[in-house]
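Here is the structure we will look at, set down as structure tokens.
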Amino acid sequence: MFQSFKNALYFPLAYYFRFSAKIKLSRWNPRIIVVTGSSGKTTLLYLIEAQLGEKARYSHHANSSYGIPFDILGLTRKTLMIYEWLGLFLKAPFLAMSRIPKQKLYIVEADCDRPGEGKFLSTLLKPEATIWLSSTRTHSVNFDRLVEQGKFLNVEQAIAYEYGYFLEKTDRLVIYNSDSELIKRQLGRTKVKKVAISNRSLQKYEVSKSGSIFKINNKVYEFKFLLPEAVSYSISAVLSLVEYLGMPLENKFKKFEMPPGRSSIFKGVRGITIIDSCYNSNFSSASEVINMFSKMQADKKWGVIGDMLEQGKSEKDEHEKLARLIVESNYNRVILLGPRIIRHGYPIIKKHYRNRVVAHTSPKDVLDYLLSNLAGGETVLFKGARFLEGIIEGLLTDKKDADKLVRREKVWEIRRGKWGL
């Protein structure tokens, strides 16, 4: 009942903050570039920032119907505790008339977690350009009812339609993934110039512990970070955007930094290598990271795989697909965490891995298992939900690296504490 009440209030309360944000946005009047899609948005935002630098302002840590108005107004949530909301409500009207940023270019990451969010955000932002590179099953549970009502044949179509609102409100340019049929079906909703991005332009992809290499249209781009092959779409999109803006291109992407929880590498106890990809998880993002990990050379590969949340009626199918992918990847050891992956994935994985797979519902149990069984020198991939970042924190050699993990706010610290982390 509480969740239903919360959902009912979501947009009415969001409109309160949107009202003030719209006033400030009209005073500022920047050129707006929207980065949207089911996955890869934040990495794309950081790639754009590596090119444009201080020429633009970026919606870091904000992509929702609350986060983006907060970003425009300069509101911040430091603890994510409920008591913060009173201050946010009181400050919002005054911040509508606060100082506007000096940059006249605003790069905004925008998500569609639920029906109505694409329309809500697109009518607020009315972007000059939109970059849309992915559309898959994410937050599917929020879209199931649209399929039940007969408005769409499946959840994938419902999600893609919601993202399509950004196309409707885009003024000049759409950069899109032409390999996605779901995205291409939405292109009729806009008449602006379109630039197609395809994986066919990728000529070479290599990944190792030292970084990633992409060869796109005969040019080589090297990064010191682990990046999935799908990032080639983002690199190509950035090149097209920079050309459209008429700005100089920095071919090396030297200023690129990896956002937390997206395949960051850390040194762990007993000389293990930790690959932290636990920002979030759906099958699309999980498969990209798992396939990347499969291409890496390492003597002893372990996978710590957690639940995929908010899958709704797709939950069983998505976790079974994930299980089959794990089987194909053939790790030395697999540790599963969470009731969903155990219920739907463990039976499939157990048939192949036999005594090389274990399953737990508590993240503290997973941490204890790792501390008891890691011999040294393993490369351990973490992907999924259920407080994996707390497990990683317990394995770090340098405890200061904990500041580079996701979910550092007070509310998450309290929740991890309840699990003994």
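Please note that chains go A, B, ... in the order of the structure tokens, that every chain numbers its residues from 1, and that ligands are numbered from 1 in the order shown.
DSSP secondary structure from the backbone places Glu84, Trp85, Leu86, Gly87, Leu88, Phe89, Leu90, Lys91, Ala92, Pro93, Phe94 and Leu95 of chain A of segment 75-113 of chain A in alpha helix (DSSP H).
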**Asked** Which residues, written as a PyMOL selection string, have at least one atom at most 7 Å from segment 242-254 of chain A, with only C-alpha atoms counted and residues fewer than 4 positions away on the same chain left out?
**Response** chain A and resi 50-51+221-222+238
Selection file, N, CA and C atoms, as an mmCIF file, in the first residue's frame:
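Okay, this is what ended up in selection.cif:
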```cif
data_model
loop_
_atom_site.group_PDB
_atom_site.id
_atom_site.type_symbol
_atom_site.label_atom_id
_atom_site.label_comp_id
_atom_site.auth_asym_id
_atom_site.auth_seq_id
_atom_site.Cartn_x
_atom_site.Cartn_y
_atom_site.Cartn_z
ATOM 1 N N ALA A 50 34.470 14.643 -21.560
ATOM 2 C CA ALA A 50 35.888 14.561 -21.898
ATOM 3 C C ALA A 50 36.214 15.387 -23.134
ATOM 4 N N GLN A 51 35.224 15.590 -23.992
ATOM 5 C CA GLN A 51 35.419 16.399 -25.201
ATOM 6 C C GLN A 51 35.116 17.881 -24.979
ATOM 7 N N TYR A 221 41.004 4.485 -30.694
ATOM 8 C CA TYR A 221 40.726 5.204 -29.453
ATOM 9 C C TYR A 221 41.085 4.277 -28.290
ATOM 10 N N GLU A 222 42.027 4.733 -27.449
ATOM 11 C CA GLU A 222 42.499 3.926 -26.333
ATOM 12 C C GLU A 222 42.070 4.549 -25.003
ATOM 13 N N VAL A 238 29.494 10.549 -29.811
ATOM 14 C CA VAL A 238 30.209 11.752 -29.363
ATOM 15 C C VAL A 238 30.892 12.433 -30.545
#
```
**Item:** strand (DSSP E) positions in segment 116-281 of chain A, given as a PyMOL selection string
**Value:** chain A and resi 129-132+173-177+193-197+202-208+211-216+219-223+264-267+273-277
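With atom CA of Leu371 of chain A on one side and atom CA of Leu395 of chain A on the other, the separation reads 7.7 Å.
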**Request:** Name all residues at most 10 Å from Lys169 of chain A (count only C-alpha atoms; drop same-chain ones fewer than 3 positions away) and give them as a list in words.
**Result:**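 Neighbouring residues, sequence-local ones excluded: Lys119, Leu121, Ser122, Thr123, Leu124, Leu125, Lys126, Pro127, Glu128, Ala129, Thr130, Gly164, Tyr165, Phe166, Arg172, Arg189, Thr190 and Val192 of chain A.
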**Request:** Please provide as a ChimeraX atom specification all residues within 12 Å of segment 145-154 of chain A, with the sequence filter that same-chain residues fewer than 3 positions apart are discarded (counting only C-alpha atoms).
**Result:** /A:114-116,136-137,140-142,157-162,182,312-314
**Item:** 7 Å contact set for Val108 of chain A, only C-alpha atoms, chain neighbours under 4 positions out, as a PyMOL selection string
**Value:** chain A and resi 33-35+58-59
Output C-alpha atoms of each residue in that selection to a file, as an mmCIF file, in the first residue's frame.
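Output contents, as saved in again_26.cif:
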```cif
data_model
loop_
_atom_site.group_PDB
_atom_site.id
_atom_site.type_symbol
_atom_site.label_atom_id
_atom_site.label_comp_id
_atom_site.auth_asym_id
_atom_site.auth_seq_id
_atom_site.Cartn_x
_atom_site.Cartn_y
_atom_site.Cartn_z
ATOM 1 C CA ILE A 33 21.551 18.014 -25.420
ATOM 2 C CA VAL A 34 19.693 15.004 -23.989
ATOM 3 C CA VAL A 35 21.428 11.668 -23.484
ATOM 4 C CA TYR A 58 26.383 18.387 -17.033
ATOM 5 C CA SER A 59 23.571 16.770 -15.023
#
```
**Message:** Residues near segment 110-113 of chain A, anyone? I mean within 6 Å using only C-alpha atoms, not counting same-chain ones fewer than 5 positions away, as a ChimeraX atom specification.
**Reply:** /A:36,63-64,118,139
Now that the selection is made, can you save its residues with C-alpha atoms as a compact mmCIF listing (two decimals), in the first residue's frame?
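Result saved to result.txt:
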```txt
# COMPACT_ATOMS: atom_id res chain seq x y z
CA THR A 36 18.81 8.96 -23.03
CA ASN A 63 18.43 11.74 -14.59
CA SER A 64 14.86 11.54 -13.23
CA GLY A 118 9.66 10.58 -20.93
CA HIS A 139 12.31 -1.10 -14.79
```
**Asked** Given the choices A:Phe266, A:Tyr176, A:Phe89, A:Tyr233, which gets closest to Val195 of chain A if the distance is worked out from only C-alpha atoms?
**Response**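 Counting only C-alpha atoms, the residue closest to Val195 of chain A is A:Tyr176.
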